[in-house]
Amino acid sequence: MSKKPRRARQARNRAIEAKKKELGVSHTAALRLVEAEQATEQQPTWGDVPSNDVLPGGPPWRPDLEKIKAHGEDPEAWGRILCLECACRVAGACDQCPGCYCFNDQCDGFRHKQQDLTQVETFLVAAWVPADLGRREFAQQVADAVHTLYRADTKELYPCRAEVFQSAYPDQTYPSLPEGTRHAQVLVDAWALRDWAIDGEIEAVTEDVAEAIEGVIRERYPAAWGPAVMVWDVKDAERIVQEREFVVFTQDPDPMLVPGGWEDYVARLTVRPEGDEAATPPLDELPTRVVDDRDQGWHRSSHDDAMYRADFGEKRGLEPLSYAQLIARRGPIRPVVPPSAEDAAAVTGALRLAGRKAAATVLVAVYRVAKQYNTEEGRSVHRLYAGREGSHESHGLRVLAWEVGSDLAERPGRYHEAAAETIADVLVRWTSSKDTFTEVAENLLYLFAEVADADGGWQKVADRYLQPGARIGHPEHIVERVHLFLMGKSSTRYTS
């Protein structure tokens, strides 16, 4: 094997280290300067370059990618360069002049003032995607996801650009990955043009970029896990940049304009009520609990606080949001409401129909819905519990559904099939409505207690295998847990 590629790489690395020491810049910045110098040395022919003495209006000048392709050059090597003289990047283009840094002393446009402050953060993006989705195709979709960012609280659209690096290492595989999927992972350098003097602007743009990438991936490739968009350590990022398989760029020769084809996407981001006032009811009318479009539950901390906090928000990296911000960023949202009289009657009727099989029947019904949501594409594993996910009732229902309900589901003689189907249908209706959400665990326990108390206690709603002291069927501690949990709202809990 020829040693030429290795020697070229070693020479480039030495040049990068020299730039870092000379200018005191990061490895990534030094890498870009070296690549720009190498590009200039190759002297490609681009046609007439605008004179520095003239400031014509219109979009900035940049290399013609079609000409690059026609002459056999690699568009990746040039795609991020606007001007070969000053190595101005497309992300830093000015829309008031030919656009490059050569015009810094002739144009007072905002982008010239901010040319050195355009990089936001470096992100690592990980997601489950179809196994047949090409690595380059996925990377390009991530790059294009940030073409136009939306700031929810100010209702502002602004341009962004990204370089997406694909590591040369093969995709990781896990035994738990669903069949037909793979674990895709790319590194993203994001660039935006903002007034960085505003306090907190870098953090806000970082959040906008992360939400844009996550939203596009979630919309195209819904999965039980992810996607994850994380700010990445500089040293780890440098390794991926140096050993990359390829790099792709946000598609658009002039990112200062919103081209045709993006209107529908932008419209989906911006369709919302006119103004925060229209989106925010008076404080005393705000719902106590809501569930967002991703099946995440949110609650108001008190009646004096208009901010909503996510269930397990700290663990999931979800900050408190106002009602208007919830609608803008995670809408449509659904207020959590009590069950309708018709649904309550359907559940209690099914439990009475089941008789002594009622306890087993309700656990089988919950297990069936939980299993459906865990395996059905586009469903969230939290959907069944989102109305009050952090409650001990929701936790208990989740545990018993999988530990006991899954076992009972294999024993058709222990539960009433028609009653289980009725209850499961109601639970799906409670949790899948587009307009409202009904909390499952606590409401189900109240309805079960209503039947148990009216019909004579635990002995009338549970078979002999679930009675205290039963010698066969289940371990004693399981019988006790099922009894105490399902009778948790019953007035005869400790007497039956």
# chains A, B, ... in the order shown; residues from 1 in each chain; ligands from 1
>>> residues_around(residues="Ser394 in chain A", least_positions_apart="4", cutoff="7 Å", atoms="only C-alpha atoms", output="CSV table (one decimal) with C-alpha atoms, in the first residue's frame")
chain,number,residue,atom,x,y,z
A,385,TYR,CA,-48.8,6.9,32.2
A,388,ARG,CA,-49.4,11.7,36.0
A,389,GLU,CA,-46.3,9.7,35.3
A,390,GLY,CA,-44.5,10.5,38.5
A,398,ARG,CA,-46.5,-0.1,35.2
A,441,ALA,CA,-53.7,4.7,36.9
>>> residues_around(residues="range 236-249 of chain A", least_positions_apart="6", cutoff="6 Å", atoms="only C-alpha atoms", output="PyMOL selection string")
chain A and resi 143+162-168
>>> closest_residue(among="A:Gly473, A:Pro412, A:Pro227, A:Gly200", to="Ala212 in chain A", atoms="only C-alpha atoms")
A:Pro227
>>> select_by_dssp(residues="range 211-416 of chain A", states="alpha helix (DSSP H)", output="PyMOL selection string")
chain A and resi 211-220+234-242+263-270+275-279+313-316+323-330+341-354+358-375+392-400+406-408
>>> residues_around(residues="Pro287 in chain A", least_positions_apart="3", cutoff="9 Å", atoms="only C-alpha atoms", output="ChimeraX atom specification")
/A:284,290,299-300,335-337
>>> residues_around(residues="Trp298 in chain A", least_positions_apart="5", cutoff="6 Å", atoms="only C-alpha atoms", output="list in words")
Arg289, Val290, Tyr308, Arg309, Ala310 and Asp311 of chain A
>>> residues_around(residues="Ala354 in chain A", least_positions_apart="2", cutoff="10 Å", atoms="only C-alpha atoms", output="number ranges by chain")
A: 348-352, 356-362, 414-420, 461-462
